[in-house]
$ cat final12.txt   # compact mmCIF, C-alpha atoms
# COMPACT_ATOMS: atom_id res chain seq x y z
CA MET J 289 -15.15 -4.95 -17.42
CA ARG J 290 -11.50 -5.27 -18.43
CA CYS J 291 -9.03 -5.39 -15.56
CA ALA J 292 -5.24 -5.69 -15.57
CA GLY J 293 -3.13 -6.31 -12.48
CA VAL J 294 0.20 -5.24 -11.00
CA THR J 295 1.97 -7.02 -8.16
CA VAL J 296 5.02 -5.44 -6.56
CA LEU J 297 7.75 -7.93 -5.64
CA TYR J 298 10.80 -7.67 -3.40
CA ASN J 299 12.93 -10.74 -2.71
CA PRO J 300 9.91 -13.03 -3.20
CA ASP J 301 9.76 -16.63 -2.00
CA GLN J 302 7.62 -19.49 -3.26
CA SER J 303 4.58 -18.39 -1.24
CA VAL J 304 4.08 -15.56 -3.74
CA VAL J 305 3.18 -18.10 -6.42
CA GLU J 306 0.29 -19.43 -4.36
CA SER J 307 -0.89 -15.89 -3.65
CA VAL J 308 -0.83 -14.94 -7.34
CA LYS J 309 -2.91 -18.00 -8.18
CA THR J 310 -5.78 -16.62 -6.04
CA TYR J 311 -6.40 -13.76 -8.45
CA ILE J 312 -4.66 -14.28 -11.79
CA ASN J 313 -7.69 -15.97 -13.38
CA ASP J 314 -9.70 -12.76 -12.97
CA VAL J 315 -7.31 -10.34 -14.68
CA GLU J 316 -6.48 -10.20 -18.38
CA ILE J 317 -2.79 -9.50 -17.82
CA LEU J 318 -0.62 -9.38 -14.70
CA PHE J 319 2.52 -7.27 -14.45
CA LEU J 320 4.92 -8.64 -11.84
CA VAL J 321 7.21 -5.71 -11.14
CA ASP J 322 10.25 -6.89 -9.20
CA ASN J 323 12.34 -4.53 -7.06
CA SER J 324 14.78 -7.32 -6.16
CA SER J 325 18.47 -7.15 -7.00
CA LYS J 326 18.29 -10.47 -8.88
CA ASP J 327 16.12 -11.90 -11.65
CA ASN J 328 13.38 -14.17 -10.29
CA SER J 329 11.69 -14.92 -13.59
CA ASN J 330 12.09 -18.69 -13.14
CA MET J 331 9.42 -18.55 -10.41
CA PHE J 332 6.75 -17.05 -12.63
CA ASN J 333 6.55 -19.07 -15.84
CA PHE J 334 3.35 -20.88 -14.84
CA ASP J 335 0.83 -18.61 -16.60
CA GLU J 336 0.92 -16.89 -19.99
CA LYS J 337 -0.87 -13.82 -18.56
CA ILE J 338 2.21 -12.90 -16.56
CA ARG J 339 4.55 -10.15 -17.71
CA TYR J 340 7.58 -10.24 -15.44
CA ILE J 341 9.59 -7.00 -15.19
CA PRO J 342 12.88 -7.17 -13.23
CA PHE J 343 14.30 -3.79 -12.17
CA LEU J 344 17.37 -5.45 -10.58
CA GLU J 345 17.33 -2.70 -7.96
CA ASN J 346 14.83 -1.34 -5.46
CA LYS J 347 13.02 1.57 -7.09
CA GLY J 348 10.29 1.65 -4.45
CA ILE J 349 6.66 0.61 -4.23
CA ALA J 350 5.29 3.81 -5.77
CA TYR J 351 7.53 3.60 -8.84
CA ALA J 352 6.60 -0.05 -9.39
CA LEU J 353 2.87 0.68 -9.10
CA ASN J 354 3.18 3.56 -11.53
CA TYR J 355 5.04 1.34 -13.98
CA GLY J 356 2.22 -1.20 -13.96
CA ALA J 357 -0.46 1.47 -14.21
CA LYS J 358 1.18 3.15 -17.19
CA LYS J 359 1.53 -0.20 -18.99
CA ALA J 360 -2.16 -0.92 -18.37
CA ILE J 361 -3.14 2.51 -19.69
CA GLU J 362 -1.05 1.92 -22.84
CA LEU J 363 -3.12 -1.24 -23.39
CA SER J 364 -6.41 0.69 -22.93
CA PHE J 365 -7.43 -0.86 -19.61
CA GLU J 366 -9.77 1.18 -17.41
CA TRP J 367 -9.21 -0.77 -14.19
CA LEU J 368 -6.09 -2.06 -12.42
CA LEU J 369 -5.71 -4.49 -9.54
CA THR J 370 -2.83 -3.45 -7.22
CA MET J 371 -1.27 -6.18 -5.08
CA ASP J 372 1.48 -6.69 -2.53
CA GLN J 373 3.33 -9.99 -2.57
CA ASP J 374 2.17 -10.83 0.97
CA SER J 375 -1.56 -10.86 0.18
CA LYS J 376 -4.02 -13.37 -1.21
CA PHE J 377 -7.75 -13.40 -1.84
CA GLU J 378 -10.05 -15.91 -0.26
CA THR J 379 -11.79 -18.21 -2.76
CA ASN J 380 -13.32 -16.27 -5.68
CA GLY J 381 -12.63 -13.01 -3.84
CA LEU J 382 -11.46 -10.92 -6.79
CA SER J 383 -14.24 -12.32 -8.96
CA ALA J 384 -16.79 -11.13 -6.38
CA LEU J 385 -15.15 -7.71 -6.15
CA LEU J 386 -15.19 -7.24 -9.93
CA GLU J 387 -18.80 -8.38 -10.04
CA TYR J 388 -19.72 -5.76 -7.45
CA ILE J 389 -17.94 -3.06 -9.46
CA SER J 390 -19.69 -4.10 -12.68
CA LYS J 391 -23.12 -3.94 -11.04
CA ASN J 392 -22.63 -0.83 -8.93
CA GLN J 393 -20.69 1.70 -10.94
CA GLN J 394 -22.40 4.99 -10.21
CA GLU J 395 -22.45 8.46 -11.63
CA ASN J 396 -20.54 9.78 -8.62
CA LYS J 397 -16.81 9.36 -8.85
CA ILE J 398 -15.31 6.20 -7.31
CA GLY J 399 -11.53 6.22 -7.26
CA LEU J 400 -11.02 2.68 -6.05
CA TYR J 401 -12.77 -0.40 -4.74
CA SER J 402 -11.21 -2.48 -2.00
CA PRO J 403 -11.76 -5.79 -0.22
CA PHE J 404 -11.73 -6.07 3.56
CA HIS J 405 -8.14 -6.59 4.71
CA SER J 406 -7.92 -9.43 7.20
CA THR J 407 -4.73 -8.88 9.22
CA ALA J 408 -3.35 -9.74 12.64
CA ILE J 409 -4.97 -6.57 14.04
CA SER J 410 -8.05 -6.04 11.86
CA GLY J 411 -10.75 -7.86 13.78
CA LYS J 412 -13.92 -8.94 11.98
CA PRO J 413 -15.32 -7.27 8.86
CA PRO J 414 -18.06 -4.65 9.40
CA LYS J 415 -21.61 -5.99 9.23
CA GLU J 416 -22.63 -3.64 6.44
CA PRO J 417 -21.82 -4.98 2.94
CA VAL J 418 -19.92 -1.84 1.93
CA SER J 419 -18.28 1.05 3.76
CA ASN J 420 -16.21 4.14 2.98
CA PRO J 421 -12.98 4.29 5.03
CA ILE J 422 -10.93 7.47 4.79
CA VAL J 423 -7.86 5.54 3.61
CA LEU J 424 -7.13 1.99 2.47
CA MET J 425 -4.03 -0.12 1.99
CA THR J 426 -2.92 -0.65 -1.60
CA SER J 427 -3.09 -4.43 -1.78
CA GLY J 428 -6.25 -5.87 -3.28
CA ASN J 429 -7.57 -2.56 -4.58
CA VAL J 430 -9.12 -2.21 -8.00
CA ILE J 431 -8.32 1.35 -9.01
CA SER J 432 -9.91 3.48 -11.70
CA LEU J 433 -7.19 4.39 -14.17
CA LYS J 434 -9.10 7.53 -15.11
CA ALA J 435 -8.89 8.64 -11.48
CA TYR J 436 -5.25 7.57 -11.41
CA GLN J 437 -4.50 9.92 -14.30
CA ASP J 438 -6.55 12.74 -12.78
CA ILE J 439 -4.38 12.79 -9.64
CA ASP J 440 -1.06 12.03 -11.40
CA GLY J 441 -0.72 8.57 -9.90
CA PHE J 442 1.38 7.48 -6.94
CA LYS J 443 4.16 9.72 -5.63
CA ASP J 444 7.49 8.15 -6.61
CA TRP J 445 9.39 10.25 -4.09
CA MET J 446 7.65 8.58 -1.14
CA PHE J 447 9.41 5.35 -2.13
CA ILE J 448 7.76 3.11 0.48
CA ASP J 449 5.32 3.67 3.37
CA CYS J 450 2.37 6.06 3.29
CA VAL J 451 2.21 5.66 -0.51
CA ASP J 452 -1.26 4.13 -0.25
CA PHE J 453 -2.55 6.63 2.33
CA ASP J 454 -1.36 9.54 0.22
CA TYR J 455 -3.06 8.07 -2.85
CA CYS J 456 -6.37 7.72 -1.02
CA LEU J 457 -6.28 11.21 0.45
CA ASN J 458 -5.31 12.66 -2.93
CA LEU J 459 -8.31 10.90 -4.50
CA ARG J 460 -10.60 12.39 -1.87
CA VAL J 461 -9.22 15.90 -2.32
CA HIS J 462 -9.99 15.54 -6.04
CA GLY J 463 -13.60 14.57 -5.35
CA TYR J 464 -13.34 10.79 -5.59
CA GLU J 465 -14.82 8.30 -3.14
CA LEU J 466 -13.40 5.01 -1.82
CA VAL J 467 -15.56 1.90 -1.50
CA GLN J 468 -14.67 -1.12 0.65
CA VAL J 469 -16.64 -4.27 -0.13
CA ASN J 470 -16.67 -6.01 3.24
CA TYR J 471 -17.75 -9.49 2.15
CA VAL J 472 -14.69 -9.81 -0.10
CA ILE J 473 -11.76 -10.88 2.08
CA LEU J 474 -8.07 -10.32 1.40
CA ASN J 475 -5.67 -12.05 3.76
CA HIS J 476 -2.82 -9.61 4.29
CA LYS J 477 0.28 -10.26 6.38
CA LEU J 478 1.48 -7.07 8.07
CA GLY J 479 4.70 -6.92 10.06
CA ASP J 480 5.84 -9.13 12.92
CA TYR J 481 3.25 -8.07 15.48
CA GLU J 482 3.51 -8.67 19.21
CA VAL J 483 1.86 -7.05 22.22
CA LYS J 484 4.11 -5.65 24.96
CA LYS J 485 3.56 -3.68 28.16
CA PHE J 486 4.65 -0.03 28.36
CA ARG J 487 3.78 2.27 31.26
CA GLY J 488 0.94 0.00 32.29
CA LYS J 489 -0.56 -0.08 28.80
CA GLU J 490 -0.53 -2.71 26.10
CA ILE J 491 1.44 -1.56 23.06
CA LEU J 492 1.17 -3.25 19.68
CA CYS J 493 4.68 -3.51 18.23
CA ASP J 494 4.90 -4.18 14.48
CA ASN J 495 8.71 -4.63 14.53
CA HIS J 496 9.27 -2.93 11.18
CA ASN J 497 12.94 -2.75 10.25
CA ALA J 498 15.06 0.37 10.67
CA THR J 499 14.82 1.46 7.03
CA ARG J 500 11.03 1.32 7.11
CA ARG J 501 11.06 3.31 10.34
CA TYR J 502 12.83 6.10 8.47
CA TYR J 503 10.16 6.27 5.76
CA ILE J 504 7.26 5.94 8.20
CA VAL J 505 8.43 8.99 10.14
CA ARG J 506 9.43 11.12 7.17
CA ASN J 507 6.39 10.40 5.03
CA SER J 508 3.91 10.66 7.90
CA TYR J 509 4.96 14.25 8.44
CA TYR J 510 4.65 14.92 4.72
CA ILE J 511 1.13 13.47 4.85
CA TYR J 512 0.33 15.93 7.64
CA ASP J 513 1.72 18.87 5.67
CA MET J 514 -0.17 17.99 2.48
CA TYR J 515 -3.58 17.08 3.87
CA HIS J 516 -4.17 18.43 7.38
CA GLN J 517 -6.20 21.34 6.04
CA TYR J 518 -8.63 18.83 4.51
CA TYR J 519 -8.53 16.00 7.09
CA PRO J 520 -7.19 17.50 10.34
CA ASP J 521 -8.32 14.68 12.66
CA TYR J 522 -6.83 11.93 10.54
CA CYS J 523 -3.54 13.75 9.93
CA THR J 524 -3.16 14.64 13.60
CA ALA J 525 -3.68 10.98 14.50
CA VAL J 526 -0.96 9.96 12.00
CA VAL J 527 1.58 12.29 13.61
CA GLU J 528 0.56 11.28 17.13
CA GLU J 529 1.22 7.65 16.22
CA VAL J 530 4.71 8.60 15.08
CA LYS J 531 5.34 10.49 18.31
CA ASP J 532 4.22 7.45 20.31
CA ALA J 533 6.61 5.29 18.29
CA PHE J 534 9.51 7.56 19.29
CA LEU J 535 8.72 6.62 22.89
CA HIS J 536 8.13 2.88 22.69
CA VAL J 537 10.22 1.64 19.73
CA PRO J 538 13.60 2.39 21.42
CA ILE J 539 12.43 0.52 24.51
CA LEU J 540 10.30 -2.38 23.29
CA GLU J 541 11.44 -3.40 19.82
CA LYS J 542 14.40 -5.30 18.43
CA ASP J 543 17.40 -3.46 16.95
CA LYS J 544 16.41 -0.43 19.05
CA PHE J 545 19.34 1.91 18.50
CA LYS J 546 19.42 1.59 14.72
CA LYS J 547 15.67 2.13 14.50
CA PHE J 548 15.80 5.21 16.71
CA ILE J 549 18.61 6.74 14.65
CA ASN J 550 16.67 6.12 11.44
CA MET J 551 13.52 7.62 12.93
CA CYS J 552 15.41 10.76 13.93
CA ARG J 553 16.96 10.94 10.49
CA GLY J 554 13.52 10.61 8.90
CA TYR J 555 12.27 13.60 10.87
CA ILE J 556 15.37 15.65 10.09
CA ASP J 557 15.09 14.87 6.37
CA PHE J 558 11.44 15.93 6.45
CA LYS J 559 12.41 19.25 8.02
CA ARG J 560 15.07 19.66 5.34
CA GLY J 561 12.56 18.88 2.59
CA LYS J 562 14.37 15.76 1.43
CA LYS J 563 12.40 13.25 -0.64
CA GLY J 564 13.10 10.09 -2.60
CA LYS J 565 15.18 7.08 -1.62
CA LYS J 566 17.13 7.31 1.61
CA LYS J 567 20.82 7.86 0.87
$ encode --input "final12.txt" --output "structure tokens"
Amino acid sequence: MRCAGVTVLYNPDQSVVESVKTYINDVEILFLVDNSSKDNSNMFNFDEKIRYIPFLENKGIAYALNYGAKKAIELSFEWLLTMDQDSKFETNGLSALLEYISKNQQENKIGLYSPFHSTAISGKPPKEPVSNPIVLMTSGNVISLKAYQDIDGFKDWMFIDCVDFDYCLNLRVHGYELVQVNYVILNHKLGDYEVKKFRGKEILCDNHNATRRYYIVRNSYYIYDMYHQYYPDYCTAVVEEVKDAFLHVPILEKDKFKKFINMCRGYIDFKRGKKGKKK
């Protein structure tokens, strides 16, 4: 099977190079789409498969993913690896994932295949070799570009946060399934996690910055609006998590006041129907 790749960059450091080297041998071409304000091309001249695209401004994760997907479609690829810059496969991980896809493509519609994401809060992989989570994070996924076209891709207006969850739910609404291959491991760094006490309970604080807090709140409510009729339990849980964050973030996390203001603004902009990049 022919597979291209797209990795979304934002102010990358040298660790990205080592991450890219864990999967570049298993794709035919890799688009490095850079949302940074400066050109970082000097970091990525180590492999002829790389096509480095500097935007010189932050256009958002969704826009960057769509850019890579459209380029892959123009080149007649049917599959696309989507990566964050903070993720890397364990040895031969992508090779094993592609092998599984090649051997197990079924008549029923599969929208994407994913590795197990090993994070600070993930625990151990499930014992079963494959599972079907309701949503998956973007990094490490091999997406069907036919399915991508069927659902009109990622939503640019979400900019960052919830982009991956929306994509997964949209696939499901359109009759596609998601497959997680649990013996393929992707090491994924998520946030600056720490456990703190709040009202006698342990609270996991991810310490996302104030700008991300805005998008998390705004886009979570949009997720609820778009999909609660299909997945009421999941969407209710998403909103409840946001409500909990309104309680503990202003007390437990760093830069409390700025985060709280951005969270409030995110909710207000949702109620006003505002989308796109925060002004």
$ closest_residue --input "final12.txt" --among "J:Gln302, J:Asn507, J:Thr295, J:Asn429" --to "Tyr355 of chain J" --atoms "only C-alpha atoms"
J:Thr295
$ residues_around --input "final12.txt" --residues "Lys358 of chain J" --least-positions-apart "4" --cutoff "12 Å" --atoms "all atoms listed in the file" --output "tab-separated table (two decimals) with C-alpha atoms, in the coordinates of the input"
chain	number	residue	atom	x	y	z
J	292	ALA	CA	-5.24	-5.69	-15.57
J	293	GLY	CA	-3.13	-6.31	-12.48
J	294	VAL	CA	0.20	-5.24	-11.00
J	319	PHE	CA	2.52	-7.27	-14.45
J	351	TYR	CA	7.53	3.60	-8.84
J	352	ALA	CA	6.60	-0.05	-9.39
J	353	LEU	CA	2.87	0.68	-9.10
J	354	ASN	CA	3.18	3.56	-11.53
J	362	GLU	CA	-1.05	1.92	-22.84
J	363	LEU	CA	-3.12	-1.24	-23.39
J	364	SER	CA	-6.41	0.69	-22.93
J	365	PHE	CA	-7.43	-0.86	-19.61
J	366	GLU	CA	-9.77	1.18	-17.41
J	367	TRP	CA	-9.21	-0.77	-14.19
J	368	LEU	CA	-6.09	-2.06	-12.42
J	433	LEU	CA	-7.19	4.39	-14.17
J	434	LYS	CA	-9.10	7.53	-15.11
J	436	TYR	CA	-5.25	7.57	-11.41
J	437	GLN	CA	-4.50	9.92	-14.30
J	440	ASP	CA	-1.06	12.03	-11.40
J	441	GLY	CA	-0.72	8.57	-9.90
J	442	PHE	CA	1.38	7.48	-6.94
$ atom_distance --input "final12.txt" --atom1 "atom CA of Ala533 of chain J" --atom2 "atom CA of Lys546 of chain J"
13.8 Å
$ atom_distance --input "final12.txt" --atom1 "atom CA of Asn313 of chain J" --atom2 "atom CA of Asn380 of chain J"
9.5 Å
$ closest_atom_pairs --input "final12.txt" --of "segment 340-371 of chain J" --to "segment 324-328 of chain J" --cutoff "10 Å" --atoms "only C-alpha atoms" --output "Markdown table"
| residue | atom | partner | partner_atom | distance |
| --- | --- | --- | --- | --- |
| J:Tyr340 | CA | J:Asn328 | CA | 8.7 |
| J:Ile341 | CA | J:Asp327 | CA | 8.9 |
| J:Pro342 | CA | J:Asp327 | CA | 5.9 |
| J:Phe343 | CA | J:Ser324 | CA | 7.0 |
| J:Leu344 | CA | J:Ser325 | CA | 4.1 |
| J:Glu345 | CA | J:Ser325 | CA | 4.7 |
| J:Asn346 | CA | J:Ser324 | CA | 6.0 |
| J:Lys347 | CA | J:Ser324 | CA | 9.1 |
$ write_last_selection --input "final12.txt" --atoms "C-alpha atoms" --output "PDB file, in the coordinates of the input"
ATOM      1  CA  TYR J 340       7.580 -10.240 -15.440  1.00  0.00           C
ATOM      2  CA  ILE J 341       9.590  -7.000 -15.190  1.00  0.00           C
ATOM      3  CA  PRO J 342      12.880  -7.170 -13.230  1.00  0.00           C
ATOM      4  CA  PHE J 343      14.300  -3.790 -12.170  1.00  0.00           C
ATOM      5  CA  LEU J 344      17.370  -5.450 -10.580  1.00  0.00           C
ATOM      6  CA  GLU J 345      17.330  -2.700  -7.960  1.00  0.00           C
ATOM      7  CA  ASN J 346      14.830  -1.340  -5.460  1.00  0.00           C
ATOM      8  CA  LYS J 347      13.020   1.570  -7.090  1.00  0.00           C
TER       9      LYS J 347
END
$ residues_around --input "final12.txt" --residues "Val505 of chain J" --least-positions-apart "4" --cutoff "8 Å" --atoms "all atoms listed in the file" --output "list in words"
Arg501, Tyr509, Val530, Met551, Gly554 and Tyr555 of chain J
$ residues_around --input "final12.txt" --residues "Lys567 of chain J" --least-positions-apart "3" --cutoff "12 Å" --atoms "all atoms listed in the file" --output "short mmCIF file (atom, residue, chain, number, x, y, z; two decimals) with C-alpha atoms, keeping the file's coordinate frame"
data_model
loop_
_atom_site.label_atom_id
_atom_site.label_comp_id
_atom_site.auth_asym_id
_atom_site.auth_seq_id
_atom_site.Cartn_x
_atom_site.Cartn_y
_atom_site.Cartn_z
CA THR J 499 14.82 1.46 7.03
CA TYR J 502 12.83 6.10 8.47
CA TYR J 503 10.16 6.27 5.76
CA ASN J 550 16.67 6.12 11.44
CA ARG J 553 16.96 10.94 10.49
CA GLY J 554 13.52 10.61 8.90
CA ASP J 557 15.09 14.87 6.37
CA LYS J 562 14.37 15.76 1.43
CA LYS J 563 12.40 13.25 -0.64
CA GLY J 564 13.10 10.09 -2.60
#
$ closest_atom_pairs --input "final12.txt" --of "segment 337-441 of chain J" --to "segment 511-527 of chain J" --cutoff "12 Å" --atoms "all atoms listed in the file" --output "JSON lines"
{"residue": "J:Pro421", "atom": "CA", "partner": "J:Tyr522", "partner_atom": "CA", "distance": 11.2}
{"residue": "J:Ile422", "atom": "CA", "partner": "J:Tyr522", "partner_atom": "CA", "distance": 8.4}
{"residue": "J:Val423", "atom": "CA", "partner": "J:Tyr522", "partner_atom": "CA", "distance": 9.5}
$ atom_distance --input "final12.txt" --atom1 "atom CA of Asn475 of chain J" --atom2 "atom CA of Ile361 of chain J"
27.7 Å
$ closest_residue --input "final12.txt" --among "J:Gly463, J:Leu369, J:Ala435, J:Lys542" --to "Cys291 of chain J" --atoms "only C-alpha atoms"
J:Leu369
$ residues_near_point --input "final12.txt" --point "(4.3, 2.2, -0.3)" --cutoff "8 Å" --atoms "only C-alpha atoms" --output "list in words"
Gly348, Ile349, Ala350, Thr426, Met446, Phe447, Ile448, Asp449, Cys450, Val451 and Asp452 of chain J
$ residues_around --input "final12.txt" --residues "Tyr388 of chain J" --least-positions-apart "4" --cutoff "10 Å" --atoms "only C-alpha atoms" --output "list in words"
Leu382, Ser383, Ala384, Asn392, Gln393, Tyr401, Val469 and Val472 of chain J
$ closest_residue --input "final12.txt" --among "J:Leu459, J:Leu540, J:Ile317, J:Leu385" --to "Ala360 of chain J" --atoms "all atoms listed in the file"
J:Ile317
$ closest_residue --input "final12.txt" --among "J:Ser410, J:Ser432, J:Asn333, J:Ser402" --to "Tyr471 of chain J" --atoms "only C-alpha atoms"
J:Ser402
$ build_atoms --input "final12.txt" --residues "segment 439-448 of chain J" --atoms "all heavy atoms" --output "short mmCIF file (atom, residue, chain, number, x, y, z; two decimals), in the coordinates of the input"
data_model
loop_
_atom_site.label_atom_id
_atom_site.label_comp_id
_atom_site.auth_asym_id
_atom_site.auth_seq_id
_atom_site.Cartn_x
_atom_site.Cartn_y
_atom_site.Cartn_z
N ILE J 439 -5.16 12.35 -10.81
CA ILE J 439 -4.38 12.79 -9.64
C ILE J 439 -2.88 12.56 -9.83
O ILE J 439 -2.12 12.67 -8.89
CB ILE J 439 -4.87 12.10 -8.35
CG1 ILE J 439 -4.54 10.60 -8.35
CG2 ILE J 439 -6.36 12.32 -8.15
CD1 ILE J 439 -4.77 9.93 -7.00
N ASP J 440 -2.48 12.24 -11.06
CA ASP J 440 -1.06 12.03 -11.40
C ASP J 440 -0.44 10.84 -10.67
O ASP J 440 0.76 10.84 -10.37
CB ASP J 440 -0.24 13.30 -11.12
CG ASP J 440 -0.65 14.46 -12.02
OD1 ASP J 440 -1.00 14.19 -13.19
OD2 ASP J 440 -0.64 15.61 -11.56
N GLY J 441 -1.23 9.83 -10.39
CA GLY J 441 -0.72 8.57 -9.90
C GLY J 441 -0.14 8.59 -8.50
O GLY J 441 -0.46 9.46 -7.67
N PHE J 442 0.72 7.61 -8.23
CA PHE J 442 1.38 7.48 -6.94
C PHE J 442 2.62 8.37 -6.92
O PHE J 442 3.22 8.63 -7.97
CB PHE J 442 1.78 6.02 -6.69
CG PHE J 442 0.62 5.08 -6.64
CD1 PHE J 442 0.18 4.43 -7.79
CD2 PHE J 442 -0.05 4.83 -5.45
CE1 PHE J 442 -0.90 3.55 -7.77
CE2 PHE J 442 -1.13 3.95 -5.41
CZ PHE J 442 -1.55 3.32 -6.56
N LYS J 443 3.01 8.83 -5.75
CA LYS J 443 4.16 9.72 -5.63
C LYS J 443 5.45 8.91 -5.53
O LYS J 443 5.75 8.32 -4.47
CB LYS J 443 3.98 10.64 -4.43
CG LYS J 443 2.88 11.69 -4.61
CD LYS J 443 2.82 12.62 -3.42
CE LYS J 443 1.84 13.76 -3.66
NZ LYS J 443 0.44 13.32 -3.79
N ASP J 444 6.23 8.90 -6.59
CA ASP J 444 7.49 8.15 -6.61
C ASP J 444 8.40 8.50 -5.45
O ASP J 444 9.09 7.65 -4.88
CB ASP J 444 8.25 8.41 -7.92
CG ASP J 444 7.64 7.71 -9.13
OD1 ASP J 444 6.72 6.91 -8.94
OD2 ASP J 444 8.11 7.97 -10.25
N TRP J 445 8.42 9.78 -5.08
CA TRP J 445 9.39 10.25 -4.09
C TRP J 445 9.12 9.70 -2.68
O TRP J 445 10.00 9.74 -1.82
CB TRP J 445 9.45 11.77 -4.05
CG TRP J 445 8.17 12.48 -3.70
CD1 TRP J 445 7.28 13.05 -4.58
CD2 TRP J 445 7.64 12.72 -2.39
NE1 TRP J 445 6.24 13.62 -3.90
CE2 TRP J 445 6.42 13.43 -2.55
CE3 TRP J 445 8.06 12.41 -1.10
CZ2 TRP J 445 5.65 13.83 -1.47
CZ3 TRP J 445 7.27 12.80 -0.01
CH2 TRP J 445 6.09 13.50 -0.20
N MET J 446 7.92 9.16 -2.45
CA MET J 446 7.65 8.58 -1.14
C MET J 446 8.35 7.24 -0.97
O MET J 446 8.59 6.79 0.15
CB MET J 446 6.14 8.42 -0.92
CG MET J 446 5.40 9.74 -0.85
SD MET J 446 3.69 9.57 -0.34
CE MET J 446 3.80 10.23 1.33
N PHE J 447 8.64 6.60 -2.07
CA PHE J 447 9.41 5.35 -2.13
C PHE J 447 8.63 4.20 -1.52
O PHE J 447 8.06 3.38 -2.22
CB PHE J 447 10.79 5.52 -1.48
CG PHE J 447 11.75 4.44 -1.85
CD1 PHE J 447 12.26 4.39 -3.13
CD2 PHE J 447 12.15 3.47 -0.94
CE1 PHE J 447 13.15 3.39 -3.51
CE2 PHE J 447 13.04 2.47 -1.30
CZ PHE J 447 13.53 2.43 -2.60
N ILE J 448 8.61 4.08 -0.20
CA ILE J 448 7.76 3.11 0.48
C ILE J 448 7.13 3.79 1.70
O ILE J 448 7.59 4.83 2.14
CB ILE J 448 8.54 1.86 0.95
CG1 ILE J 448 9.69 2.24 1.89
CG2 ILE J 448 9.09 1.08 -0.24
CD1 ILE J 448 10.41 1.06 2.49
#
